[in-house]
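**Q** Just so it is clear, I am handing over data.tsv, which has TSV, C-alpha atoms and all ligand atoms.
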chain	number	residue	atom	x	y	z
A	1	MET	CA	7.40	-17.14	-21.21
A	2	LYS	CA	5.11	-16.94	-18.15
A	3	PHE	CA	3.53	-13.61	-17.18
A	4	SER	CA	2.33	-12.84	-13.67
A	5	THR	CA	-1.37	-11.94	-13.46
A	6	MET	CA	-0.92	-10.41	-10.01
A	7	LYS	CA	-1.54	-6.68	-9.88
A	8	PRO	CA	0.81	-4.53	-7.81
A	9	ILE	CA	-0.71	-3.87	-4.40
A	10	VAL	CA	-1.04	-0.29	-3.16
A	11	GLN	CA	-1.88	-0.25	0.55
A	12	LEU	CA	-3.84	2.61	2.09
A	13	ILE	CA	-2.37	2.83	5.58
A	14	VAL	CA	-5.01	4.34	7.89
A	15	GLY	CA	-3.18	6.37	10.51
A	16	SER	CA	-5.96	7.25	12.94
A	17	THR	CA	-7.21	4.79	15.55
A	18	ARG	CA	-9.17	6.87	18.09
A	19	PRO	CA	-12.86	6.02	18.74
A	20	GLY	CA	-15.08	8.09	16.46
A	21	ARG	CA	-12.29	8.66	13.94
A	22	VAL	CA	-13.03	9.61	10.34
A	23	GLY	CA	-9.90	7.93	8.93
A	24	PRO	CA	-11.73	4.81	7.64
A	25	SER	CA	-14.32	6.98	5.81
A	26	ILE	CA	-11.54	8.90	4.09
A	27	ALA	CA	-9.74	5.65	3.19
A	28	SER	CA	-12.90	4.20	1.68
A	29	TRP	CA	-13.53	7.44	-0.29
A	30	ALA	CA	-9.97	7.33	-1.67
A	31	LYS	CA	-10.13	3.59	-2.46
A	32	THR	CA	-13.38	3.98	-4.42
A	33	ILE	CA	-11.81	6.64	-6.64
A	34	ALA	CA	-8.50	4.80	-7.03
A	35	ASP	CA	-10.21	1.47	-7.87
A	36	LYS	CA	-12.21	3.17	-10.62
A	37	GLN	CA	-9.33	5.17	-12.12
A	38	PHE	CA	-6.50	2.63	-11.84
A	39	PRO	CA	-7.84	-0.89	-12.53
A	40	GLU	CA	-4.27	-2.04	-13.18
A	41	LEU	CA	-3.52	-1.67	-9.45
A	42	ASP	CA	-4.92	-3.50	-6.43
A	43	PHE	CA	-5.81	-1.07	-3.62
A	44	GLU	CA	-6.01	-2.51	-0.11
A	45	ILE	CA	-6.95	-0.74	3.13
A	46	VAL	CA	-4.63	-1.51	6.05
A	47	ASP	CA	-6.15	-0.07	9.21
A	48	LEU	CA	-3.60	0.47	11.97
A	49	ALA	CA	-6.41	-0.20	14.48
A	50	ASP	CA	-6.11	-3.84	13.33
A	51	TYR	CA	-2.36	-3.81	14.03
A	52	PRO	CA	-1.92	-2.63	17.62
A	53	LEU	CA	1.84	-2.14	17.84
A	54	PRO	CA	3.42	-1.33	21.21
A	55	LEU	CA	5.92	1.49	21.51
A	56	PRO	CA	9.24	-0.22	20.75
A	57	THR	CA	11.79	-0.59	23.53
A	58	PHE	CA	15.43	-1.52	23.24
A	59	GLU	CA	14.60	-4.77	25.07
A	60	THR	CA	12.08	-5.92	22.49
A	61	GLN	CA	13.14	-4.21	19.27
A	62	PRO	CA	16.44	-3.41	17.66
A	63	PRO	CA	16.67	0.36	17.11
A	64	LYS	CA	16.56	-0.04	13.34
A	65	ASN	CA	15.03	-3.11	11.75
A	66	ALA	CA	17.11	-2.97	8.62
A	67	ALA	CA	17.26	-6.77	8.41
A	68	GLY	CA	13.47	-7.24	8.55
A	69	VAL	CA	13.82	-9.79	11.37
A	70	TYR	CA	11.52	-9.30	14.36
A	71	THR	CA	11.03	-10.95	17.73
A	72	GLN	CA	7.52	-9.66	18.50
A	73	PRO	CA	4.48	-11.42	16.97
A	74	GLU	CA	2.63	-8.09	16.41
A	75	THR	CA	5.58	-6.73	14.44
A	76	GLN	CA	5.95	-9.97	12.48
A	77	ARG	CA	2.27	-9.81	11.47
A	78	PHE	CA	2.53	-6.15	10.45
A	79	SER	CA	5.78	-6.78	8.56
A	80	ALA	CA	4.24	-9.68	6.63
A	81	LYS	CA	1.31	-7.49	5.57
A	82	VAL	CA	3.34	-4.43	4.55
A	83	ALA	CA	5.91	-6.55	2.68
A	84	THR	CA	3.21	-7.58	0.17
A	85	ALA	CA	2.72	-3.98	-1.04
A	86	SER	CA	4.52	-2.30	-3.93
A	87	ALA	CA	3.44	1.22	-2.91
A	88	PHE	CA	1.48	3.05	-0.23
A	89	LEU	CA	-0.95	5.83	0.40
A	90	PHE	CA	-0.37	7.10	3.93
A	91	LEU	CA	-3.55	8.53	5.43
A	92	THR	CA	-3.20	10.62	8.54
A	93	PRO	CA	-5.14	13.20	10.52
A	94	GLN	CA	-3.40	16.38	11.55
A	95	TYR	CA	-2.91	16.30	15.31
A	96	ASN	CA	-1.30	19.40	16.80
A	97	TRP	CA	0.21	20.49	13.49
A	98	SER	CA	1.74	17.11	12.70
A	99	PHE	CA	0.81	13.59	11.61
A	100	SER	CA	-0.39	10.94	14.06
A	101	ALA	CA	1.87	9.25	16.61
A	102	VAL	CA	0.23	5.93	15.71
A	103	LEU	CA	1.46	6.26	12.15
A	104	LYS	CA	4.98	7.26	13.22
A	105	ASN	CA	5.11	4.27	15.56
A	106	ALA	CA	3.93	1.93	12.79
A	107	ILE	CA	6.48	3.31	10.33
A	108	ASP	CA	9.29	3.01	12.91
A	109	HIS	CA	8.48	-0.64	13.58
A	110	LEU	CA	9.63	-1.60	10.08
A	111	CYS	CA	12.30	-0.53	7.63
A	112	VAL	CA	13.05	-2.72	4.60
A	113	GLU	CA	9.31	-3.20	4.01
A	114	TRP	CA	9.04	0.53	3.18
A	115	ASN	CA	12.38	1.12	1.46
A	116	ASP	CA	12.31	2.44	-2.13
A	117	LYS	CA	8.54	1.97	-2.54
A	118	PRO	CA	6.53	4.93	-3.91
A	119	ALA	CA	4.13	6.66	-1.53
A	120	GLY	CA	1.38	9.23	-1.57
A	121	ILE	CA	0.08	11.27	1.36
A	122	ILE	CA	-3.53	12.07	2.28
A	123	THR	CA	-4.11	14.29	5.31
A	124	TRP	CA	-7.15	15.84	6.94
A	125	ALA	CA	-7.94	18.27	9.74
A	126	MET	CA	-10.54	20.76	10.89
A	127	ARG	CA	-8.76	23.42	8.84
A	128	GLU	CA	-5.81	23.15	6.46
A	129	SER	CA	-4.02	19.82	6.98
A	130	ASP	CA	-0.78	20.46	5.10
A	131	ARG	CA	1.32	20.61	8.27
A	132	ALA	CA	0.69	16.88	8.83
A	133	ALA	CA	2.19	16.15	5.41
A	134	VAL	CA	5.12	18.48	6.02
A	135	GLY	CA	5.93	16.43	9.13
A	136	LEU	CA	5.67	13.11	7.31
A	137	LEU	CA	7.75	14.02	4.24
A	138	PRO	CA	11.24	13.81	5.80
A	139	ILE	CA	10.42	10.45	7.41
A	140	LEU	CA	9.51	8.97	4.03
A	141	GLU	CA	12.59	10.57	2.50
A	142	CYS	CA	14.70	8.89	5.22
A	143	LEU	CA	13.21	5.55	4.14
A	144	ARG	CA	14.09	6.34	0.48
A	145	MET	CA	10.43	6.43	-0.55
A	146	PRO	CA	9.69	8.60	-3.59
A	147	VAL	CA	6.68	10.72	-2.61
A	148	ALA	CA	4.04	11.39	-5.26
A	149	ARG	CA	2.78	14.94	-5.77
A	150	PRO	CA	0.47	16.68	-5.26
A	151	LEU	CA	-0.14	16.00	-1.59
A	152	VAL	CA	-3.84	15.53	-0.83
A	153	ALA	CA	-4.56	17.88	2.08
A	154	ILE	CA	-8.25	17.76	3.01
A	155	ASN	CA	-10.10	20.35	5.02
A	156	ALA	CA	-12.63	18.27	7.00
A	157	GLY	CA	-14.17	21.06	9.07
A	158	PHE	CA	-17.68	21.49	10.46
A	159	THR	CA	-19.34	21.97	7.04
A	160	VAL	CA	-18.60	18.34	6.03
A	161	ARG	CA	-19.54	16.78	9.39
A	162	ASP	CA	-22.72	15.06	10.53
A	163	GLU	CA	-24.34	15.33	13.98
A	164	LYS	CA	-22.02	12.61	15.37
A	165	PHE	CA	-18.96	14.45	14.03
A	166	GLY	CA	-18.42	11.81	11.37
A	167	LEU	CA	-18.19	12.73	7.69
A	168	ARG	CA	-21.57	13.54	6.13
A	169	ASP	CA	-20.96	12.57	2.49
A	170	PRO	CA	-17.31	12.37	1.37
A	171	ALA	CA	-18.25	11.45	-2.24
A	172	THR	CA	-20.02	14.81	-2.59
A	173	ASP	CA	-18.14	16.99	-0.11
A	174	PHE	CA	-14.65	15.95	-1.28
A	175	VAL	CA	-15.34	16.01	-5.00
A	176	GLY	CA	-12.95	18.97	-5.33
A	177	TYR	CA	-10.07	16.81	-4.04
A	178	GLU	CA	-10.62	14.04	-6.60
A	179	PRO	CA	-8.36	15.49	-9.35
A	180	THR	CA	-5.55	15.95	-6.80
A	181	LEU	CA	-5.91	12.37	-5.59
A	182	ILE	CA	-6.01	11.00	-9.15
A	183	GLU	CA	-2.89	12.96	-10.10
A	184	ALA	CA	-0.99	11.67	-7.05
A	185	VAL	CA	-2.03	8.04	-7.59
A	186	GLY	CA	-1.23	8.48	-11.29
A	187	GLN	CA	2.34	9.31	-10.30
A	188	ILE	CA	2.52	6.19	-8.16
A	189	ALA	CA	1.20	4.12	-11.07
A	190	ALA	CA	3.83	5.64	-13.38
A	191	LEU	CA	6.64	4.96	-10.89
A	192	LEU	CA	5.52	1.34	-10.52
A	193	LYS	CA	5.38	0.91	-14.29
A	194	GLU	CA	8.87	2.35	-14.62
A	195	LYS	CA	10.18	-0.03	-11.94
A	196	SER	CA	8.67	-3.10	-13.60
A	197	SER	CA	9.95	-2.31	-17.11
A	201	LIG	C1	-4.99	15.51	19.53
A	201	LIG	C2	-5.67	16.27	18.42
A	201	LIG	C3	-5.00	17.31	17.80
A	201	LIG	C4	-5.60	18.00	16.74
A	201	LIG	N1	-4.90	18.99	16.10
A	201	LIG	C5	-5.46	19.62	15.05
A	201	LIG	C6	-4.72	20.60	14.30
A	201	LIG	O1	-3.55	20.84	14.52
A	201	LIG	N2	-5.36	21.26	13.29
A	201	LIG	C7	-6.66	20.98	12.96
A	201	LIG	O2	-7.21	21.63	12.05
A	201	LIG	N3	-7.36	20.00	13.58
A	201	LIG	C8	-6.79	19.32	14.62
A	201	LIG	N4	-7.48	18.33	15.26
A	201	LIG	C9	-8.78	17.93	14.72
A	201	LIG	C10	-8.61	16.66	13.88
A	201	LIG	O3	-7.79	16.88	12.76
A	201	LIG	C11	-9.96	16.13	13.44
A	201	LIG	O4	-10.70	15.85	14.61
A	201	LIG	C12	-9.86	14.89	12.58
A	201	LIG	O5	-11.17	14.41	12.35
A	201	LIG	C13	-9.04	13.82	13.26
A	201	LIG	O6	-8.98	12.66	12.47
A	201	LIG	P1	-9.66	11.29	12.99
A	201	LIG	O7	-11.13	11.63	13.18
A	201	LIG	O8	-9.43	10.32	11.89
A	201	LIG	O9	-8.98	10.95	14.28
A	201	LIG	C14	-6.90	17.64	16.31
A	201	LIG	C15	-7.56	16.58	16.95
A	201	LIG	C16	-6.95	15.88	17.98
A	201	LIG	C17	-7.68	14.69	18.62
How does the structure come out when it is put into structure tokens?

**A**
Amino acid sequence: MKFSTMKPIVQLIVGSTRPGRVGPSIASWAKTIADKQFPELDFEIVDLADYPLPLPTFETQPPKNAAGVYTQPETQRFSAKVATASAFLFLTPQYNWSFSAVLKNAIDHLCVEWNDKPAGIITWAMRESDRAAVGLLPILECLRMPVARPLVAINAGFTVRDEKFGLRDPATDFVGYEPTLIEAVGQIAALLKEKSS
């Protein structure tokens, strides 16, 4: 019998694209911890800034892409990338008490690529960021994605910022969030194991 040596891929979908964003720093902090704790999984950062997706229109996109067939090259490229993942960590800033429009647009571009795959949520804001996760939860539920708990809701206020408003030192400043992140990714790992057995 032949066994596959491929590890399941967990993509970290970075949902902020504005200049000066801290999203990539948070993704790299989370990936470092996940790589160390879960060597049986392959964590990959997918930055939505590298996948500029237009707002869909009825002329260019069917309203629901349940068949996974797309006419636009940008969507085809994004679909091909997301389809390789077995699970996701959605990373989003809190903008006006919700998650980012860029992330919603990216999610809405696809359908089957997300369906039934486990997901975790990492949010951040200047204060509590749990409202971003509350907004995202029903969307993932609609796509039949089991969402790992706990949610990782980071407070990235002035005390963790440098002079350019980037993050000063996530490895030190976010150490208190590590157990929460590990527990959430542990749930994803367990769900993937269950699925493969
Ligand atoms: C449009 C907009 C809305 C925001 N709304 C909130 C908010 O509701 N609560 C909060 O604490 N911070 C809010 N912020 C601050 C952001 O959460 C903070 O700047 C964070 O670093 C944004 O993530 P990013 O740097 O990856 O874009 C907002 C920022 C922007 C640009």

**Q** Step by step, gather every atom of ligand LIG 201 (chain A) that the file lists, find the box along x, y and z that holds them, add 6 Å on each side, and finally give centre and edge lengths in Å to one decimal, as lines of an AutoDock Vina configuration file.

**A**
center_x = -7.4
center_y = 16.0
center_z = 15.7
size_x = 19.6
size_y = 23.3
size_z = 19.6

**Q** Tell me, in Å to one decimal, how far atom CA of Ile122 of chain A is from atom CA of Leu89 of chain A.

**A**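 Atom-to-atom, atom CA of Ile122 of chain A to atom CA of Leu89 of chain A, that is 7.0 Å.
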
**Q** Could you pull the residues within 12 Å of Leu137 of chain A, counting all atoms listed in the file, minus those fewer than 2 positions along the same chain, as a list of chain:residue names?

**A**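 The residues satisfying every condition are A:Phe90, A:Ser98, A:Phe99, A:Lys104, A:Ala119, A:Gly120, A:Ile121, A:Ile122, A:Thr123, A:Asp130, A:Arg131, A:Ala132, A:Ala133, A:Val134, A:Gly135, A:Ile139, A:Leu140, A:Glu141, A:Cys142, A:Leu143, A:Arg144, A:Met145, A:Pro146, A:Val147, A:Ala148, A:Arg149, A:Leu151.
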
**Q** Can you measure atom CA of Leu41 of chain A to atom CA of Pro8 of chain A for me? One decimal in Å is fine.

**A**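 Going from atom CA of Leu41 of chain A over to atom CA of Pro8 of chain A covers 5.4 Å.
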
**Q** Compute the set of protein, DNA and RNA residues whose minimum atom distance to ligand LIG 201 (chain A) is at most 9 Å, using all atoms listed in the file, and state it as an mmCIF file with C-alpha atoms, in the coordinates of the input.

**A**
data_model
loop_
_atom_site.group_PDB
_atom_site.id
_atom_site.type_symbol
_atom_site.label_atom_id
_atom_site.label_comp_id
_atom_site.auth_asym_id
_atom_site.auth_seq_id
_atom_site.Cartn_x
_atom_site.Cartn_y
_atom_site.Cartn_z
ATOM 1 C CA VAL A 14 -5.010 4.340 7.890
ATOM 2 C CA GLY A 15 -3.180 6.370 10.510
ATOM 3 C CA SER A 16 -5.960 7.250 12.940
ATOM 4 C CA THR A 17 -7.210 4.790 15.550
ATOM 5 C CA ARG A 18 -9.170 6.870 18.090
ATOM 6 C CA PRO A 19 -12.860 6.020 18.740
ATOM 7 C CA GLY A 20 -15.080 8.090 16.460
ATOM 8 C CA ARG A 21 -12.290 8.660 13.940
ATOM 9 C CA VAL A 22 -13.030 9.610 10.340
ATOM 10 C CA GLY A 23 -9.900 7.930 8.930
ATOM 11 C CA PRO A 24 -11.730 4.810 7.640
ATOM 12 C CA SER A 25 -14.320 6.980 5.810
ATOM 13 C CA ILE A 26 -11.540 8.900 4.090
ATOM 14 C CA LEU A 91 -3.550 8.530 5.430
ATOM 15 C CA THR A 92 -3.200 10.620 8.540
ATOM 16 C CA PRO A 93 -5.140 13.200 10.520
ATOM 17 C CA GLN A 94 -3.400 16.380 11.550
ATOM 18 C CA TYR A 95 -2.910 16.300 15.310
ATOM 19 C CA ASN A 96 -1.300 19.400 16.800
ATOM 20 C CA TRP A 97 0.210 20.490 13.490
ATOM 21 C CA SER A 98 1.740 17.110 12.700
ATOM 22 C CA PHE A 99 0.810 13.590 11.610
ATOM 23 C CA SER A 100 -0.390 10.940 14.060
ATOM 24 C CA THR A 123 -4.110 14.290 5.310
ATOM 25 C CA TRP A 124 -7.150 15.840 6.940
ATOM 26 C CA ALA A 125 -7.940 18.270 9.740
ATOM 27 C CA MET A 126 -10.540 20.760 10.890
ATOM 28 C CA ARG A 127 -8.760 23.420 8.840
ATOM 29 C CA GLU A 128 -5.810 23.150 6.460
ATOM 30 C CA SER A 129 -4.020 19.820 6.980
ATOM 31 C CA ARG A 131 1.320 20.610 8.270
ATOM 32 C CA ALA A 132 0.690 16.880 8.830
ATOM 33 C CA ASN A 155 -10.100 20.350 5.020
ATOM 34 C CA ALA A 156 -12.630 18.270 7.000
ATOM 35 C CA GLY A 157 -14.170 21.060 9.070
ATOM 36 C CA PHE A 165 -18.960 14.450 14.030
ATOM 37 C CA GLY A 166 -18.420 11.810 11.370
ATOM 38 C CA LEU A 167 -18.190 12.730 7.690
#

**Q** Hey, what's within 12 Å of Gln76 of chain A if we count all atoms listed in the file and toss same-chain stuff fewer than 2 positions away? As a list in words, please?

**A**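 So the residues in contact are Tyr51, Pro52, Leu53, Gln61, Asn65, Gly68, Val69, Tyr70, Thr71, Gln72, Pro73, Glu74, Phe78, Ser79, Ala80, Lys81, Val82, Ala83, His109, Leu110 and Glu113 of chain A.
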
**Q** For Thr84 of chain A, which residue among A:Gln11, A:Thr172, A:Thr159, A:Gln187 is the nearest when counting all atoms listed in the file?

**A**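 Checking each candidate against Thr84 of chain A, we get A:Gln11 as the closest.
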
**Q** Would you kindly identify which residues have an atom no farther than 12 Å from (-9.1, 0.9, -7.3), using only C-alpha atoms and the file's own coordinates, and write them out as a PyMOL selection string?

**A** chain A and resi 7-12+27-45+182+185-186+189

**Q** At a cut-off of 8 Å, using only C-alpha atoms, what residues contact segment 174-180 of chain A? Leave out same-chain residues fewer than 4 positions from it and give the result as a PyMOL selection string.

**A** chain A and resi 33+150-152+154+170+184

**Q** Produce a file of the selected residues containing C-alpha atoms, as an mmCIF file, in the frame of the given file.

**A**
data_model
loop_
_atom_site.group_PDB
_atom_site.id
_atom_site.type_symbol
_atom_site.label_atom_id
_atom_site.label_comp_id
_atom_site.auth_asym_id
_atom_site.auth_seq_id
_atom_site.Cartn_x
_atom_site.Cartn_y
_atom_site.Cartn_z
ATOM 1 C CA ILE A 33 -11.810 6.640 -6.640
ATOM 2 C CA PRO A 150 0.470 16.680 -5.260
ATOM 3 C CA LEU A 151 -0.140 16.000 -1.590
ATOM 4 C CA VAL A 152 -3.840 15.530 -0.830
ATOM 5 C CA ILE A 154 -8.250 17.760 3.010
ATOM 6 C CA PRO A 170 -17.310 12.370 1.370
ATOM 7 C CA ALA A 184 -0.990 11.670 -7.050
#

**Q** Expressed in Å to a single decimal, how great is the separation between atom CA of Leu192 of chain A and atom CA of Ala171 of chain A?

**A**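 Those two atoms sit 27.1 Å apart.
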
**Q** Counting all atoms listed in the file, which of A:Ala67, A:Asp162, A:Leu103, A:Asn115 gets nearest to Val46 of chain A?

**A** A:Leu103

**Q** Could you rebuild segment 97-108 of chain A with all heavy atoms and give me the result as a PDB file, in the coordinates of the input?

**A**
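Wrote selection_11.pdb, looks like this:
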ATOM      1  N   TRP A  97      -0.661  20.025  14.575  1.00  0.00           N
ATOM      2  CA  TRP A  97       0.210  20.490  13.490  1.00  0.00           C
ATOM      3  C   TRP A  97       1.159  19.417  12.963  1.00  0.00           C
ATOM      4  O   TRP A  97       2.145  19.719  12.297  1.00  0.00           O
ATOM      5  CB  TRP A  97       1.035  21.716  13.905  1.00  0.00           C
ATOM      6  CG  TRP A  97       0.217  22.966  14.079  1.00  0.00           C
ATOM      7  CD1 TRP A  97      -1.127  23.073  14.122  1.00  0.00           C
ATOM      8  CD2 TRP A  97       0.735  24.297  14.215  1.00  0.00           C
ATOM      9  NE1 TRP A  97      -1.502  24.380  14.286  1.00  0.00           N
ATOM     10  CE2 TRP A  97      -0.372  25.158  14.352  1.00  0.00           C
ATOM     11  CE3 TRP A  97       2.014  24.838  14.240  1.00  0.00           C
ATOM     12  CZ2 TRP A  97      -0.233  26.531  14.515  1.00  0.00           C
ATOM     13  CZ3 TRP A  97       2.151  26.204  14.403  1.00  0.00           C
ATOM     14  CH2 TRP A  97       1.033  27.041  14.534  1.00  0.00           C
ATOM     15  N   SER A  98       0.880  18.145  13.261  1.00  0.00           N
ATOM     16  CA  SER A  98       1.740  17.110  12.700  1.00  0.00           C
ATOM     17  C   SER A  98       0.887  15.885  12.348  1.00  0.00           C
ATOM     18  O   SER A  98      -0.332  15.928  12.482  1.00  0.00           O
ATOM     19  CB  SER A  98       2.856  16.748  13.681  1.00  0.00           C
ATOM     20  OG  SER A  98       3.804  15.908  13.042  1.00  0.00           O
ATOM     21  N   PHE A  99       1.557  14.817  11.905  1.00  0.00           N
ATOM     22  CA  PHE A  99       0.810  13.590  11.610  1.00  0.00           C
ATOM     23  C   PHE A  99       0.701  12.760  12.889  1.00  0.00           C
ATOM     24  O   PHE A  99       1.272  13.107  13.917  1.00  0.00           O
ATOM     25  CB  PHE A  99       1.461  12.830  10.449  1.00  0.00           C
ATOM     26  CG  PHE A  99       2.837  12.317  10.731  1.00  0.00           C
ATOM     27  CD1 PHE A  99       3.041  10.981  11.027  1.00  0.00           C
ATOM     28  CD2 PHE A  99       3.943  13.150  10.691  1.00  0.00           C
ATOM     29  CE1 PHE A  99       4.311  10.487  11.281  1.00  0.00           C
ATOM     30  CE2 PHE A  99       5.218  12.665  10.948  1.00  0.00           C
ATOM     31  CZ  PHE A  99       5.390  11.335  11.253  1.00  0.00           C
ATOM     32  N   SER A 100      -0.056  11.649  12.824  1.00  0.00           N
ATOM     33  CA  SER A 100      -0.390  10.940  14.060  1.00  0.00           C
ATOM     34  C   SER A 100       0.795  10.141  14.611  1.00  0.00           C
ATOM     35  O   SER A 100       1.600   9.585  13.863  1.00  0.00           O
ATOM     36  CB  SER A 100      -1.576  10.009  13.842  1.00  0.00           C
ATOM     37  OG  SER A 100      -1.176   8.900  13.069  1.00  0.00           O
ATOM     38  N   ALA A 101       0.828  10.042  15.932  1.00  0.00           N
ATOM     39  CA  ALA A 101       1.870   9.250  16.610  1.00  0.00           C
ATOM     40  C   ALA A 101       1.713   7.773  16.255  1.00  0.00           C
ATOM     41  O   ALA A 101       2.714   7.046  16.145  1.00  0.00           O
ATOM     42  CB  ALA A 101       1.775   9.459  18.111  1.00  0.00           C
ATOM     43  N   VAL A 102       0.478   7.329  16.071  1.00  0.00           N
ATOM     44  CA  VAL A 102       0.230   5.930  15.710  1.00  0.00           C
ATOM     45  C   VAL A 102       0.917   5.591  14.384  1.00  0.00           C
ATOM     46  O   VAL A 102       1.538   4.538  14.243  1.00  0.00           O
ATOM     47  CB  VAL A 102      -1.300   5.673  15.620  1.00  0.00           C
ATOM     48  CG1 VAL A 102      -1.612   4.399  14.867  1.00  0.00           C
ATOM     49  CG2 VAL A 102      -1.906   5.616  17.004  1.00  0.00           C
ATOM     50  N   LEU A 103       0.829   6.511  13.447  1.00  0.00           N
ATOM     51  CA  LEU A 103       1.460   6.260  12.150  1.00  0.00           C
ATOM     52  C   LEU A 103       2.978   6.273  12.270  1.00  0.00           C
ATOM     53  O   LEU A 103       3.665   5.417  11.710  1.00  0.00           O
ATOM     54  CB  LEU A 103       0.988   7.306  11.112  1.00  0.00           C
ATOM     55  CG  LEU A 103       1.590   7.150   9.722  1.00  0.00           C
ATOM     56  CD1 LEU A 103       1.308   5.777   9.123  1.00  0.00           C
ATOM     57  CD2 LEU A 103       1.094   8.236   8.772  1.00  0.00           C
ATOM     58  N   LYS A 104       3.511   7.211  13.049  1.00  0.00           N
ATOM     59  CA  LYS A 104       4.980   7.260  13.220  1.00  0.00           C
ATOM     60  C   LYS A 104       5.469   5.970  13.866  1.00  0.00           C
ATOM     61  O   LYS A 104       6.486   5.388  13.445  1.00  0.00           O
ATOM     62  CB  LYS A 104       5.355   8.481  14.073  1.00  0.00           C
ATOM     63  CG  LYS A 104       6.862   8.632  14.342  1.00  0.00           C
ATOM     64  CD  LYS A 104       7.632   8.925  13.070  1.00  0.00           C
ATOM     65  CE  LYS A 104       9.018   9.498  13.316  1.00  0.00           C
ATOM     66  NZ  LYS A 104       9.944   8.589  13.987  1.00  0.00           N
ATOM     67  N   ASN A 105       4.736   5.502  14.884  1.00  0.00           N
ATOM     68  CA  ASN A 105       5.110   4.270  15.560  1.00  0.00           C
ATOM     69  C   ASN A 105       5.090   3.084  14.588  1.00  0.00           C
ATOM     70  O   ASN A 105       6.012   2.266  14.567  1.00  0.00           O
ATOM     71  CB  ASN A 105       4.156   4.026  16.737  1.00  0.00           C
ATOM     72  CG  ASN A 105       4.570   2.840  17.576  1.00  0.00           C
ATOM     73  OD1 ASN A 105       5.749   2.630  17.848  1.00  0.00           O
ATOM     74  ND2 ASN A 105       3.601   2.035  17.981  1.00  0.00           N
ATOM     75  N   ALA A 106       4.047   3.034  13.751  1.00  0.00           N
ATOM     76  CA  ALA A 106       3.930   1.930  12.790  1.00  0.00           C
ATOM     77  C   ALA A 106       5.082   1.985  11.779  1.00  0.00           C
ATOM     78  O   ALA A 106       5.693   0.965  11.452  1.00  0.00           O
ATOM     79  CB  ALA A 106       2.589   1.991  12.074  1.00  0.00           C
ATOM     80  N   ILE A 107       5.378   3.173  11.298  1.00  0.00           N
ATOM     81  CA  ILE A 107       6.480   3.310  10.330  1.00  0.00           C
ATOM     82  C   ILE A 107       7.788   2.874  10.992  1.00  0.00           C
ATOM     83  O   ILE A 107       8.576   2.123  10.416  1.00  0.00           O
ATOM     84  CB  ILE A 107       6.577   4.769   9.817  1.00  0.00           C
ATOM     85  CG1 ILE A 107       5.370   5.101   8.932  1.00  0.00           C
ATOM     86  CG2 ILE A 107       7.885   4.987   9.042  1.00  0.00           C
ATOM     87  CD1 ILE A 107       5.272   6.563   8.502  1.00  0.00           C
ATOM     88  N   ASP A 108       8.019   3.312  12.227  1.00  0.00           N
ATOM     89  CA  ASP A 108       9.290   3.010  12.910  1.00  0.00           C
ATOM     90  C   ASP A 108       9.461   1.531  13.229  1.00  0.00           C
ATOM     91  O   ASP A 108      10.581   1.077  13.449  1.00  0.00           O
ATOM     92  CB  ASP A 108       9.399   3.816  14.212  1.00  0.00           C
ATOM     93  CG  ASP A 108       9.597   5.299  13.963  1.00  0.00           C
ATOM     94  OD1 ASP A 108       9.859   5.685  12.805  1.00  0.00           O
ATOM     95  OD2 ASP A 108       9.492   6.085  14.923  1.00  0.00           O
TER      96      ASP A 108
END
